[in-house]
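Some notes on the structure that comes next.
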Amino acid sequence: MSRKCALVVGLALLSMPALAAEMQPVVVHTFACTGNVALRIGKCPDGGRADSIAQGSDGNFYGAAQVSMEGDSAPNGGSVFSLTPTGTIKVLHTFTAGPNKNYPNGNLPGFITEGPDGKLYGEALFGGIGGCNGYCGNGVLFRVNRDGTGFQVVHEYCSATNCTDGTGGGALFAGTDGNLYGTTYSGGANNNGTIFRVTAATGKYEVVFNFNYFVSGTDPSSMVVAKDGTFWGVSFGNLSELLFHYTEVSGDMQTFPVKFPLINGLPSRGGTLTLGANGNFFGLYHVYAKSGMGMFEVDPDGSNLRLFPFYTTQEGAGDPLEMLLGTDGNFYLDDYNGKSGYGDIMELSPTTGQIIRVLAPFGASAAVGAYPTQIIQASDGTFWGVTDQYGKVPSGEFADGTVFHANLGLPPQ
């Protein structure tokens, strides 16, 4: 994920007026845990540390929570949940340890996506082959029905000899052929990552493209879907970063070099690819050994790279996890840390890269919790998101993240 150029920081934008009350987040659900409240140790029946949310075709929301208990440094299970717009939650699946304290069905889930078959697909970072209690196993790809039935491990990463099936999967996307596609950042025939396909009708997993460092790059990003349904992403070659274009029907792969410049003698690097309203690609770039980020724009053939202003942590930019194109044409970032250290949501102009506004209600004592991990724009135009920790719950419990929504005044999808 990636990108950059034009280093003028509009400091006047940082004295923005407070957001109107209707734009403040509304907590829809808080994940509660029981046990030792002071030490934050205990079981979390609905899960804790939510890190993924998506809106289903039925209008409900679906997501994943990373853990089933707090108090152990190792990942502990996690859950997949559904949530109605009014806040009714249902745990669809809980990842549990096997008899040998392994996690054969996965551990630390995330990246929930609804497939063309109506099932929910996701990946768990650990578990599966060699999935002992803790940071073991190479993770799994799973699916489950929206009512919680029919849970199935579709694939265990690195189950093939020498990990030729790939390892380190991410989000999945529907292809024009009715199947799902995704990338692994390593493994494959060249150990440089893969593009894989999951056939929705059968659950069959197969690698359809192997990255090569000298030709198509390595460490491919998660992909974005263009208007024609084909996939784009970013990989890293021996001379420059590469914008790659994969056509799922034909299997054709094209790559375009994108050379990020030195900034004050330091190398820069792009990521977080997003398709803009003008048909160009936008993303976030970072500068080596410098805290913060900036936005970049590049044409689909890799030309006309433009770097927008670089923002430091003091200006609100800490560690953005993704960049979302809103229905107003502006970009929205969920920043895990932000200026306060607890995260914020930033709105950026697609023409100047300047900060338009910052939504920063997150904190250890805030009802919405802290550390936003994902935001989406729902069909009605509102934003929905999840936080990783904290929130407000009754006495005798401790909060471990929330689901929230916010009306930022954008038109519906």
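To be explicit about the labels: the chains of the structure tokens are called A, B, and onward in the order shown, and within each one the residues are counted from 1, while ligands get numbers from 1 in the order they are shown.
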
Hey, what's within 10 Å of Asp334 of chain A if we count only C-alpha atoms and toss same-chain stuff fewer than 3 positions away? As number ranges by chain, please? A: 317-324, 337-338, 343-347, 359, 371-376, 385-386

Which residues come within 7 Å of Thr183 of chain A, counting only C-alpha atoms, excluding same-chain residues fewer than 5 positions away, as an MDAnalysis selection string? chainID A and resid 169:170 194:196 220 222

Those residues with C-alpha atoms, as a PDB file, in the first residue's frame please?
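To be explicit, this is the file written out as result_18.pdb:
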```pdb
ATOM      1  CA  GLY A 169      -2.932 -13.058   4.045  1.00  0.00           C
ATOM      2  CA  GLY A 170      -5.073  -9.927   4.138  1.00  0.00           C
ATOM      3  CA  THR A 194       1.121 -14.273  -4.090  1.00  0.00           C
ATOM      4  CA  ILE A 195      -2.313 -13.445  -5.417  1.00  0.00           C
ATOM      5  CA  PHE A 196      -4.772 -16.203  -4.569  1.00  0.00           C
ATOM      6  CA  PRO A 220       2.437  -6.995  -2.277  1.00  0.00           C
ATOM      7  CA  SER A 222      -3.748  -5.590  -0.152  1.00  0.00           C
TER       8      SER A 222
END
```

Atom CA of Ser82 of chain A and atom CA of Tyr121 of chain A, how far apart in Å?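 Between these atoms lies a distance of 13.1 Å.
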
Per-residue DSSP, segment 237-360 of chain A, filtered to strand (DSSP E), as number ranges by chain: A: 241-247, 252-258, 262-263, 266-275, 281-287, 293-298, 306-311, 320-325, 331-335, 344-348, 355-359

Would you please work out which residue, of A:Gly294, A:Pro411, A:Gly363, A:Gly148, is nearest to Gln389 of chain A when using only C-alpha atoms? A:Gly363

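Nearest to Lys339 of chain A of all the residues A:Ile355, A:Gly283, A:Thr312, A:Thr88 is A:Thr312, counting only C-alpha atoms.
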
Fewer than 4 positions away in the same chain doesn't count, so skip those; otherwise give me all residues within 8 Å of segment 30-38 of chain A, counting only C-alpha atoms, as an MDAnalysis selection string. chainID A and resid 42:49 69:70 391:393 396:403

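Note that atom CA of Val224 of chain A and atom CA of Gly118 of chain A are 20.1 Å apart.
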
Determine, counting only C-alpha atoms, which protein, DNA and RNA residues have an atom within 9 Å of an atom of Gly188 of chain A; residues of the same chain fewer than 2 positions away are not included. Present the result as a PyMOL selection string. chain A and resi 158+162-167+184+186+190-195+207+209-211

File of the preceding selection, N, CA and C atoms, as a PDB file, in the first residue's frame:
```pdb
ATOM      1  N   CYS A 158       0.536 -21.516   4.493  1.00  0.00           N
ATOM      2  CA  CYS A 158       1.830 -22.189   4.606  1.00  0.00           C
ATOM      3  C   CYS A 158       1.671 -23.675   4.903  1.00  0.00           C
ATOM      4  N   ASN A 162       7.366 -25.614   1.687  1.00  0.00           N
ATOM      5  CA  ASN A 162       8.072 -24.353   1.451  1.00  0.00           C
ATOM      6  C   ASN A 162       7.134 -23.151   1.314  1.00  0.00           C
ATOM      7  N   CYS A 163       5.928 -23.267   1.863  1.00  0.00           N
ATOM      8  CA  CYS A 163       4.947 -22.163   1.840  1.00  0.00           C
ATOM      9  C   CYS A 163       4.660 -21.673   0.411  1.00  0.00           C
ATOM     10  N   THR A 164       4.634 -22.579  -0.542  1.00  0.00           N
ATOM     11  CA  THR A 164       4.333 -22.169  -1.916  1.00  0.00           C
ATOM     12  C   THR A 164       2.893 -21.709  -2.083  1.00  0.00           C
ATOM     13  N   ASP A 165       2.054 -21.956  -1.069  1.00  0.00           N
ATOM     14  CA  ASP A 165       0.676 -21.473  -1.098  1.00  0.00           C
ATOM     15  C   ASP A 165       0.554 -20.077  -0.507  1.00  0.00           C
ATOM     16  N   GLY A 166       1.675 -19.511  -0.055  1.00  0.00           N
ATOM     17  CA  GLY A 166       1.654 -18.158   0.492  1.00  0.00           C
ATOM     18  C   GLY A 166       1.431 -18.139   1.992  1.00  0.00           C
ATOM     19  N   THR A 167       1.830 -17.047   2.613  1.00  0.00           N
ATOM     20  CA  THR A 167       1.602 -16.864   4.040  1.00  0.00           C
ATOM     21  C   THR A 167       1.497 -15.374   4.335  1.00  0.00           C
ATOM     22  N   THR A 184      -1.026 -12.561  -0.405  1.00  0.00           N
ATOM     23  CA  THR A 184      -0.173 -12.867   0.740  1.00  0.00           C
ATOM     24  C   THR A 184       1.117 -12.093   0.543  1.00  0.00           C
ATOM     25  N   SER A 186       4.079 -12.783   1.670  1.00  0.00           N
ATOM     26  CA  SER A 186       5.265 -13.622   1.500  1.00  0.00           C
ATOM     27  C   SER A 186       4.823 -15.011   1.087  1.00  0.00           C
ATOM     28  N   ASN A 190       8.271 -18.011  -5.263  1.00  0.00           N
ATOM     29  CA  ASN A 190       9.517 -17.242  -5.151  1.00  0.00           C
ATOM     30  C   ASN A 190       9.720 -16.637  -3.763  1.00  0.00           C
ATOM     31  N   ASN A 191       8.834 -16.984  -2.847  1.00  0.00           N
ATOM     32  CA  ASN A 191       8.832 -16.415  -1.490  1.00  0.00           C
ATOM     33  C   ASN A 191       8.739 -14.897  -1.511  1.00  0.00           C
ATOM     34  N   ASN A 192       8.059 -14.352  -2.531  1.00  0.00           N
ATOM     35  CA  ASN A 192       7.867 -12.900  -2.650  1.00  0.00           C
ATOM     36  C   ASN A 192       6.406 -12.499  -2.548  1.00  0.00           C
ATOM     37  N   GLY A 193       5.530 -13.449  -2.164  1.00  0.00           N
ATOM     38  CA  GLY A 193       4.114 -13.153  -2.062  1.00  0.00           C
ATOM     39  C   GLY A 193       3.319 -13.694  -3.231  1.00  0.00           C
ATOM     40  N   THR A 194       2.004 -13.692  -3.081  1.00  0.00           N
ATOM     41  CA  THR A 194       1.121 -14.273  -4.090  1.00  0.00           C
ATOM     42  C   THR A 194      -0.168 -13.473  -4.233  1.00  0.00           C
ATOM     43  N   ILE A 195      -0.888 -13.738  -5.305  1.00  0.00           N
ATOM     44  CA  ILE A 195      -2.313 -13.445  -5.417  1.00  0.00           C
ATOM     45  C   ILE A 195      -3.021 -14.793  -5.436  1.00  0.00           C
ATOM     46  N   VAL A 207      -3.341 -20.507  -5.653  1.00  0.00           N
ATOM     47  CA  VAL A 207      -2.492 -19.381  -6.023  1.00  0.00           C
ATOM     48  C   VAL A 207      -2.615 -19.169  -7.528  1.00  0.00           C
ATOM     49  N   PHE A 209      -1.109 -16.173  -8.973  1.00  0.00           N
ATOM     50  CA  PHE A 209       0.046 -15.399  -9.415  1.00  0.00           C
ATOM     51  C   PHE A 209       1.103 -15.401  -8.329  1.00  0.00           C
ATOM     52  N   ASN A 210       2.359 -15.619  -8.751  1.00  0.00           N
ATOM     53  CA  ASN A 210       3.501 -15.571  -7.844  1.00  0.00           C
ATOM     54  C   ASN A 210       4.341 -14.336  -8.152  1.00  0.00           C
ATOM     55  N   PHE A 211       4.559 -13.493  -7.155  1.00  0.00           N
ATOM     56  CA  PHE A 211       5.382 -12.307  -7.348  1.00  0.00           C
ATOM     57  C   PHE A 211       6.862 -12.713  -7.438  1.00  0.00           C
TER      58      PHE A 211
END
```

Between atom CA of Lys119 of chain A and atom CA of Ala406 of chain A, what is the spacing in Å?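 Atom-to-atom, atom CA of Ala406 of chain A to atom CA of Lys119 of chain A, that is 27.0 Å.
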